[in-house]
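Novice: Here you go, target-v3.cif (mmCIF, C-alpha atoms):
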```cif
data_target
#
loop_
_atom_site.label_atom_id
_atom_site.label_comp_id
_atom_site.auth_asym_id
_atom_site.auth_seq_id
_atom_site.Cartn_x
_atom_site.Cartn_y
_atom_site.Cartn_z
CA MET A 1 64.99 -60.00 123.53
CA SER A 2 63.42 -62.59 121.23
CA PHE A 3 60.36 -64.60 122.25
CA PHE A 4 62.23 -67.88 122.62
CA HIS A 5 65.09 -66.17 124.44
CA GLN A 6 62.49 -64.90 126.91
CA ILE A 7 61.09 -68.43 127.26
CA SER A 8 64.52 -69.96 127.79
CA SER A 9 65.72 -67.31 130.23
CA ARG A 10 62.57 -67.37 132.34
CA SER A 11 62.50 -71.17 132.37
CA GLN A 12 66.04 -71.25 133.72
CA SER A 13 65.47 -68.52 136.30
CA LEU A 14 62.32 -70.20 137.68
CA ASN A 15 63.49 -73.79 137.19
CA SER A 16 60.11 -74.34 135.57
CA LEU A 17 58.60 -75.68 132.36
CA LEU A 18 55.01 -74.78 133.28
CA CYS A 19 52.90 -72.70 130.89
CA VAL A 20 49.61 -71.55 132.41
CA GLY A 21 46.57 -71.49 130.14
CA LEU A 22 43.97 -68.75 130.48
CA ASP A 23 40.74 -70.23 129.16
CA PRO A 24 37.65 -68.52 130.59
CA HIS A 25 35.06 -71.10 129.56
CA LEU A 26 31.61 -69.60 129.95
CA ALA A 27 30.59 -72.70 131.91
CA GLU A 28 33.27 -71.95 134.50
CA LEU A 29 32.21 -68.35 135.09
CA ASN A 30 29.12 -69.37 137.07
CA LEU A 31 26.86 -66.79 135.47
CA PRO A 32 23.13 -67.03 134.72
CA GLU A 33 22.08 -67.49 131.10
CA SER A 34 20.62 -63.97 131.20
CA SER A 35 24.03 -62.39 131.93
CA THR A 36 25.03 -59.42 129.79
CA GLU A 37 28.19 -59.12 127.73
CA GLU A 38 29.56 -56.70 130.31
CA GLN A 39 28.96 -59.18 133.12
CA ARG A 40 30.53 -62.03 131.17
CA CYS A 41 33.62 -59.99 130.35
CA GLU A 42 34.08 -58.75 133.89
CA ALA A 43 33.74 -62.29 135.22
CA ALA A 44 36.24 -63.56 132.62
CA TYR A 45 38.75 -60.89 133.58
CA ASP A 46 38.39 -61.71 137.28
CA PHE A 47 38.73 -65.43 136.49
CA CYS A 48 42.01 -64.87 134.62
CA LYS A 49 43.40 -62.28 137.02
CA ARG A 50 42.94 -64.68 139.94
CA ILE A 51 44.99 -67.30 138.10
CA ILE A 52 47.68 -64.82 137.08
CA ASP A 53 48.09 -63.44 140.60
CA ALA A 54 48.34 -66.95 142.03
CA THR A 55 50.80 -68.43 139.51
CA ALA A 56 53.08 -65.61 138.32
CA ASP A 57 56.01 -66.90 140.39
CA HIS A 58 55.85 -70.31 138.71
CA ALA A 59 54.66 -69.75 135.13
CA VAL A 60 57.25 -69.54 132.36
CA ALA A 61 54.52 -68.10 130.13
CA TYR A 62 50.79 -67.51 129.93
CA LYS A 63 48.70 -68.87 127.08
CA PRO A 64 45.33 -67.14 126.67
CA ASN A 65 43.07 -68.85 124.15
CA ALA A 66 41.49 -66.19 121.96
CA ALA A 67 38.36 -68.24 121.22
CA PHE A 68 37.05 -68.07 124.77
CA PHE A 69 37.35 -64.30 124.80
CA GLU A 70 35.72 -63.91 121.39
CA ALA A 71 32.82 -66.02 122.69
CA LEU A 72 32.19 -63.49 125.45
CA GLY A 73 30.74 -61.05 122.95
CA ALA A 74 31.59 -59.26 119.72
CA ARG A 75 31.75 -55.82 121.33
CA LEU A 76 33.91 -56.40 124.41
CA GLY A 77 35.43 -59.88 124.10
CA CYS A 78 38.68 -58.88 122.40
CA ALA A 79 38.98 -55.82 124.63
CA THR A 80 38.81 -58.16 127.63
CA LEU A 81 41.56 -60.32 126.13
CA LYS A 82 43.70 -57.20 125.76
CA ARG A 83 42.92 -56.20 129.34
CA VAL A 84 43.99 -59.64 130.59
CA VAL A 85 47.22 -59.56 128.57
CA ASP A 86 48.00 -56.09 129.90
CA SER A 87 47.55 -57.35 133.47
CA ILE A 88 50.28 -59.99 133.11
CA PRO A 89 53.45 -58.79 134.86
CA ASP A 90 56.25 -57.42 132.70
CA GLY A 91 58.87 -60.00 131.81
CA ILE A 92 56.46 -62.92 131.48
CA PRO A 93 55.97 -64.01 127.84
CA VAL A 94 52.43 -64.15 126.49
CA LEU A 95 51.66 -66.87 123.94
CA LEU A 96 48.38 -66.06 122.21
CA ASP A 97 46.66 -69.30 121.21
CA VAL A 98 44.95 -68.37 117.93
CA LYS A 99 46.12 -71.07 115.48
CA ARG A 100 46.14 -68.65 112.55
CA GLY A 101 46.94 -69.86 109.04
CA ASP A 102 46.59 -67.68 105.95
CA ILE A 103 48.77 -65.94 103.39
CA GLY A 104 49.77 -62.52 102.11
CA SER A 105 48.09 -59.42 103.42
CA THR A 106 45.68 -61.50 105.50
CA ALA A 107 48.51 -63.16 107.44
CA ALA A 108 50.17 -59.76 107.89
CA ALA A 109 46.92 -58.35 109.28
CA TYR A 110 46.62 -61.28 111.69
CA ALA A 111 50.19 -60.66 112.88
CA GLU A 112 49.46 -56.98 113.46
CA ALA A 113 46.30 -57.80 115.39
CA CYS A 114 48.13 -60.30 117.61
CA TYR A 115 51.33 -58.36 118.22
CA ASP A 116 50.66 -54.62 118.15
CA GLU A 117 50.90 -53.25 121.67
CA THR A 118 48.68 -50.23 121.08
CA ASP A 119 45.84 -51.34 118.83
CA GLY A 120 46.34 -55.11 118.95
CA ILE A 121 46.54 -57.69 121.72
CA GLY A 122 50.23 -57.18 122.49
CA ALA A 123 51.25 -60.85 122.55
CA HIS A 124 54.88 -61.95 122.33
CA GLY A 125 54.17 -65.18 120.44
CA VAL A 126 51.35 -67.03 118.71
CA THR A 127 50.26 -70.50 117.64
CA LEU A 128 50.02 -71.05 113.88
CA SER A 129 48.88 -73.68 111.42
CA PRO A 130 51.72 -74.41 108.95
CA LEU A 131 49.66 -76.27 106.35
CA MET A 132 49.59 -73.34 103.92
CA GLY A 133 53.38 -73.23 103.93
CA TRP A 134 56.16 -70.77 104.71
CA ASP A 135 54.36 -67.73 103.35
CA SER A 136 51.62 -68.20 105.97
CA VAL A 137 54.22 -68.18 108.77
CA LYS A 138 56.62 -65.55 107.43
CA PRO A 139 54.71 -62.39 108.48
CA PHE A 140 54.81 -63.49 112.14
CA VAL A 141 58.60 -63.93 112.41
CA THR A 142 60.20 -61.55 109.91
CA GLY A 143 60.40 -57.82 109.26
CA LYS A 144 59.57 -55.71 112.29
CA TYR A 145 58.84 -58.86 114.28
CA ALA A 146 62.22 -60.52 113.63
CA ASP A 147 63.82 -59.50 116.93
CA LYS A 148 61.02 -59.88 119.45
CA LYS A 149 58.34 -62.31 118.30
CA GLY A 150 58.03 -66.05 117.72
CA ALA A 151 55.52 -68.77 116.99
CA PHE A 152 54.68 -72.37 117.78
CA VAL A 153 53.43 -74.21 114.68
CA LEU A 154 50.97 -77.09 114.94
CA CYS A 155 52.88 -80.31 114.39
CA LYS A 156 51.08 -83.28 116.00
CA THR A 157 48.20 -82.02 118.09
CA SER A 158 46.70 -83.70 121.16
CA ASN A 159 43.31 -84.61 119.67
CA PRO A 160 42.71 -88.12 118.25
CA GLY A 161 41.63 -86.66 114.92
CA SER A 162 45.12 -85.29 114.32
CA ASN A 163 45.97 -88.71 112.90
CA ASP A 164 43.61 -88.07 109.99
CA LEU A 165 46.18 -85.78 108.37
CA LEU A 166 49.26 -85.25 110.49
CA ALA A 167 50.16 -88.95 110.72
CA LEU A 168 49.92 -89.55 106.96
CA SER A 169 53.06 -90.92 105.32
CA THR A 170 54.99 -88.68 102.96
CA GLU A 171 56.76 -89.62 99.75
CA SER A 172 60.12 -88.81 101.31
CA GLY A 173 59.46 -91.17 104.23
CA GLY A 174 58.13 -90.53 107.70
CA ALA A 175 54.87 -88.93 108.71
CA LEU A 176 53.67 -85.46 107.78
CA PHE A 177 54.17 -84.26 111.34
CA GLU A 178 57.83 -85.29 111.18
CA LYS A 179 58.22 -83.20 108.03
CA ILE A 180 56.67 -80.24 109.87
CA ALA A 181 59.05 -80.80 112.79
CA GLY A 182 62.00 -80.57 110.44
CA LEU A 183 60.62 -77.40 108.89
CA ALA A 184 60.81 -75.57 112.22
CA ASN A 185 64.58 -75.28 111.85
CA GLU A 186 64.47 -74.78 108.10
CA TRP A 187 61.96 -71.93 108.36
CA SER A 188 63.76 -70.35 111.31
CA ALA A 189 66.92 -70.25 109.21
CA LYS A 190 64.95 -68.83 106.30
CA ALA A 191 63.50 -66.12 108.53
CA ALA A 192 66.97 -65.24 109.80
CA SER A 193 68.32 -64.96 106.25
CA GLU A 194 65.44 -62.73 105.14
CA SER A 195 65.30 -60.60 108.30
CA PRO A 196 68.55 -60.80 110.29
CA SER A 197 68.23 -60.12 114.01
CA SER A 198 70.46 -59.84 117.04
CA SER A 199 69.24 -63.18 118.40
CA SER A 200 70.49 -66.61 117.39
CA GLU A 201 67.48 -68.33 118.97
CA PRO A 202 65.08 -70.23 116.67
CA ARG A 203 61.99 -68.25 115.77
CA LEU A 204 59.69 -71.26 115.60
CA GLY A 205 58.67 -73.99 118.01
CA LEU A 206 56.30 -76.93 117.66
CA VAL A 207 52.96 -77.95 119.17
CA VAL A 208 53.07 -81.69 119.85
CA GLY A 209 50.47 -83.30 122.09
CA ALA A 210 51.55 -84.90 125.34
CA THR A 211 48.90 -87.52 124.58
CA ASP A 212 51.21 -89.19 122.01
CA PRO A 213 54.69 -89.83 123.48
CA SER A 214 55.86 -91.69 120.38
CA ALA A 215 55.06 -88.64 118.23
CA LEU A 216 56.81 -86.40 120.77
CA ASP A 217 59.92 -88.56 120.51
CA ALA A 218 59.81 -88.55 116.70
CA ALA A 219 59.22 -84.79 116.57
CA ARG A 220 62.13 -84.13 118.95
CA ARG A 221 64.44 -86.26 116.81
CA ALA A 222 63.29 -84.50 113.62
CA ALA A 223 63.52 -80.99 115.09
CA GLY A 224 66.76 -81.40 117.03
CA GLN A 225 67.76 -80.11 120.43
CA ASP A 226 67.23 -76.36 120.08
CA VAL A 227 63.54 -76.21 119.12
CA TRP A 228 61.02 -75.58 121.90
CA ILE A 229 57.99 -77.88 122.00
CA LEU A 230 54.62 -76.92 123.48
CA ALA A 231 53.05 -80.17 124.70
CA PRO A 232 49.35 -79.78 125.58
CA GLY A 233 47.22 -82.64 126.80
CA VAL A 234 48.46 -83.30 130.35
CA GLY A 235 45.60 -83.45 132.82
CA ALA A 236 42.07 -83.16 131.41
CA GLN A 237 43.04 -84.80 128.09
CA GLY A 238 44.76 -87.73 129.78
CA GLY A 239 48.37 -87.25 128.71
CA ASP A 240 50.95 -88.99 130.89
CA LEU A 241 53.37 -86.40 132.28
CA GLY A 242 56.28 -88.76 132.81
CA ALA A 243 56.04 -90.35 129.39
CA ALA A 244 55.69 -86.95 127.70
CA CYS A 245 58.75 -85.53 129.45
CA ALA A 246 60.84 -88.61 128.68
CA ALA A 247 59.95 -88.30 125.01
CA GLY A 248 59.96 -84.54 124.45
CA LEU A 249 62.63 -82.95 126.62
CA ASN A 250 65.96 -82.21 124.99
CA ASP A 251 69.28 -83.58 126.23
CA HIS A 252 69.51 -80.73 128.77
CA GLY A 253 66.17 -81.60 130.35
CA SER A 254 64.56 -78.50 128.86
CA GLY A 255 63.11 -77.32 125.55
CA MET A 256 59.49 -78.20 126.31
CA LEU A 257 56.62 -76.26 127.86
CA ILE A 258 53.71 -78.08 129.49
CA PRO A 259 50.56 -75.95 129.27
CA VAL A 260 47.89 -76.51 131.91
CA SER A 261 44.64 -74.58 132.17
CA ARG A 262 41.74 -76.47 133.73
CA GLY A 263 43.98 -78.31 136.18
CA ILE A 264 44.87 -74.93 137.67
CA SER A 265 41.67 -72.94 137.16
CA ARG A 266 39.51 -75.62 138.79
CA SER A 267 41.77 -76.02 141.78
CA PRO A 268 40.66 -74.38 145.05
CA ASP A 269 44.29 -73.26 145.44
CA PRO A 270 45.77 -72.37 142.03
CA ALA A 271 49.12 -71.35 143.54
CA ALA A 272 49.58 -74.68 145.28
CA GLU A 273 48.51 -76.53 142.15
CA ALA A 274 51.01 -74.58 140.04
CA ILE A 275 53.81 -75.48 142.46
CA LYS A 276 52.73 -79.13 142.43
CA LEU A 277 52.70 -79.19 138.62
CA LYS A 278 56.06 -77.43 138.34
CA GLU A 279 57.67 -79.86 140.75
CA GLY A 280 55.98 -82.80 139.05
CA ILE A 281 57.37 -81.77 135.68
CA ASN A 282 60.85 -81.28 137.12
CA SER A 283 60.85 -84.72 138.70
CA ALA A 284 59.30 -86.53 135.73
#
```
Here is a file; write its structure as structure tokens.

Specialist:
Amino acid sequence: MSFFHQISSRSQSLNSLLCVGLDPHLAELNLPESSTEEQRCEAAYDFCKRIIDATADHAVAYKPNAAFFEALGARLGCATLKRVVDSIPDGIPVLLDVKRGDIGSTAAAYAEACYDETDGIGAHGVTLSPLMGWDSVKPFVTGKYADKKGAFVLCKTSNPGSNDLLALSTESGGALFEKIAGLANEWSAKAASESPSSSSEPRLGLVVGATDPSALDAARRAAGQDVWILAPGVGAQGGDLGAACAAGLNDHGSGMLIPVSRGISRSPDPAAEAIKLKEGINSA
């Protein structure tokens, strides 16, 4: 089953569009400055496992951010990320937030590190930067990964600085992020032609910040109805849930994942918070 087929099927079965972020900030682990790498990694695992156990019935997918695990220590940080991913129940897609972007053998090595279930992290999907073009995305969605993996490419991110580049006008008209949104379908079709698979689902989605509803609306129009959008920025970054859903959902009221990390991890009752968020998204 392809990555986006997993996303779509689980979203329908749970009646949910909630994606739960797993971001073990060192500041949230409540450890002394003298803590060892082992102590940091064990605390990070416990932090994530508590969230997973509390939210598994409501999360369409989990999104661990690789940076927070790498910051735990060079020796055990990535092993802890792998341990967390392995602890996620079977059938729940794992989107590894790594924002990779390179070409050739380097991109292929990144894909292997993210996807391999034995020696890599074992993720089902990744986040990618598309600014180096199709050949930087290709290794993640073709060849041996054509049937099972997928990626969300950065389109119009939730930070204010995204306007520095992604909102620039192009010669063909429209902003750069709108061009990227259109490429999601074009590159999915290209991947399918180069590496046919049994799935008709797109292989690429878009990352568009919930902090910019007008960009969400423009990206949805440029990408069409079938492309999934990951819309970070609700909660701590100030994105308006109702406005984001109105702008980014497709005509079926689906096609968009809302990732939330701190809003859940900082709650005294992560399960209740996940239910509240799921219901809030559904009623938006």

Novice: For the file shown, report as a list in words the outcome of the PyMOL selection byres ((chain A and resi 283) around 12) at residue level.

Specialist: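 So the PyMOL selection byres ((chain A and resi 283) around 12) ends up selecting Asn15, Ser16, Leu17, Leu241, Gly242, Ala243, Cys245, Ala246, Gly253, Lys276, Leu277, Lys278, Glu279, Gly280, Ile281, Asn282 and Ala284 of chain A.
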
Novice: Please compute the CA of Glu194 (chain A)-CA of Leu166 (chain A) distance, one decimal, in Å.

Specialist: 28.2 Å

Novice: Between CA of Ser199 (chain A) and CA of Ser2 (chain A), what is the distance, to one decimal in Å?

Specialist: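 Answer for the CA of Ser199 (chain A) to CA of Ser2 (chain A) separation: 6.5 Å.
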
Novice: Excluding Pro160 (chain A) and any residue of its chain fewer than 6 positions from it, enumerate the residues within 12 Å of it, using all atoms listed in the file, and give them as an mmCIF file with C-alpha atoms, keeping the file's coordinate frame.

Specialist:
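New file part-v1.cif:
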```
data_model
loop_
_atom_site.group_PDB
_atom_site.id
_atom_site.type_symbol
_atom_site.label_atom_id
_atom_site.label_comp_id
_atom_site.auth_asym_id
_atom_site.auth_seq_id
_atom_site.Cartn_x
_atom_site.Cartn_y
_atom_site.Cartn_z
ATOM 1 C CA LEU A 166 49.260 -85.250 110.490
ATOM 2 C CA ALA A 167 50.160 -88.950 110.720
ATOM 3 C CA GLY A 209 50.470 -83.300 122.090
ATOM 4 C CA ALA A 210 51.550 -84.900 125.340
ATOM 5 C CA THR A 211 48.900 -87.520 124.580
ATOM 6 C CA ASP A 212 51.210 -89.190 122.010
ATOM 7 C CA GLY A 233 47.220 -82.640 126.800
ATOM 8 C CA GLN A 237 43.040 -84.800 128.090
ATOM 9 C CA GLY A 238 44.760 -87.730 129.780
ATOM 10 C CA GLY A 239 48.370 -87.250 128.710
#
```

Novice: Please measure the separation of CA of Val60 (chain A) and CA of His5 (chain A), giving the value in Å to one decimal.

Specialist: 11.6 Å

Novice: Neighbourhood query: residues within 8 Å of (56.2, -63.4, 130.9), file coordinates, counting all atoms listed in the file; return as a CSV table (one decimal) with C-alpha atoms, keeping the file's coordinate frame.

Specialist:
```csv
chain,number,residue,atom,x,y,z
A,6,GLN,CA,62.5,-64.9,126.9
A,7,ILE,CA,61.1,-68.4,127.3
A,10,ARG,CA,62.6,-67.4,132.3
A,59,ALA,CA,54.7,-69.8,135.1
A,60,VAL,CA,57.2,-69.5,132.4
A,61,ALA,CA,54.5,-68.1,130.1
A,62,TYR,CA,50.8,-67.5,129.9
A,88,ILE,CA,50.3,-60.0,133.1
A,89,PRO,CA,53.4,-58.8,134.9
A,90,ASP,CA,56.2,-57.4,132.7
A,91,GLY,CA,58.9,-60.0,131.8
A,92,ILE,CA,56.5,-62.9,131.5
A,93,PRO,CA,56.0,-64.0,127.8
A,94,VAL,CA,52.4,-64.2,126.5
```

Novice: Residues near region 114-128 of chain A, anyone? I mean within 8 Å using all atoms listed in the file, not counting same-chain ones fewer than 4 positions away, as a list in words.

Specialist: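 My list of contacting residues is Phe3, Cys78, Leu81, Lys82, Val85, Asp86, Pro93, Val94, Leu95, Leu96, Asp97, Val98, Lys99, Arg100, Gly101, Tyr110, Val137, Lys148, Lys149, Gly150, Ala151, Phe152, Val153 and Leu154 of chain A.
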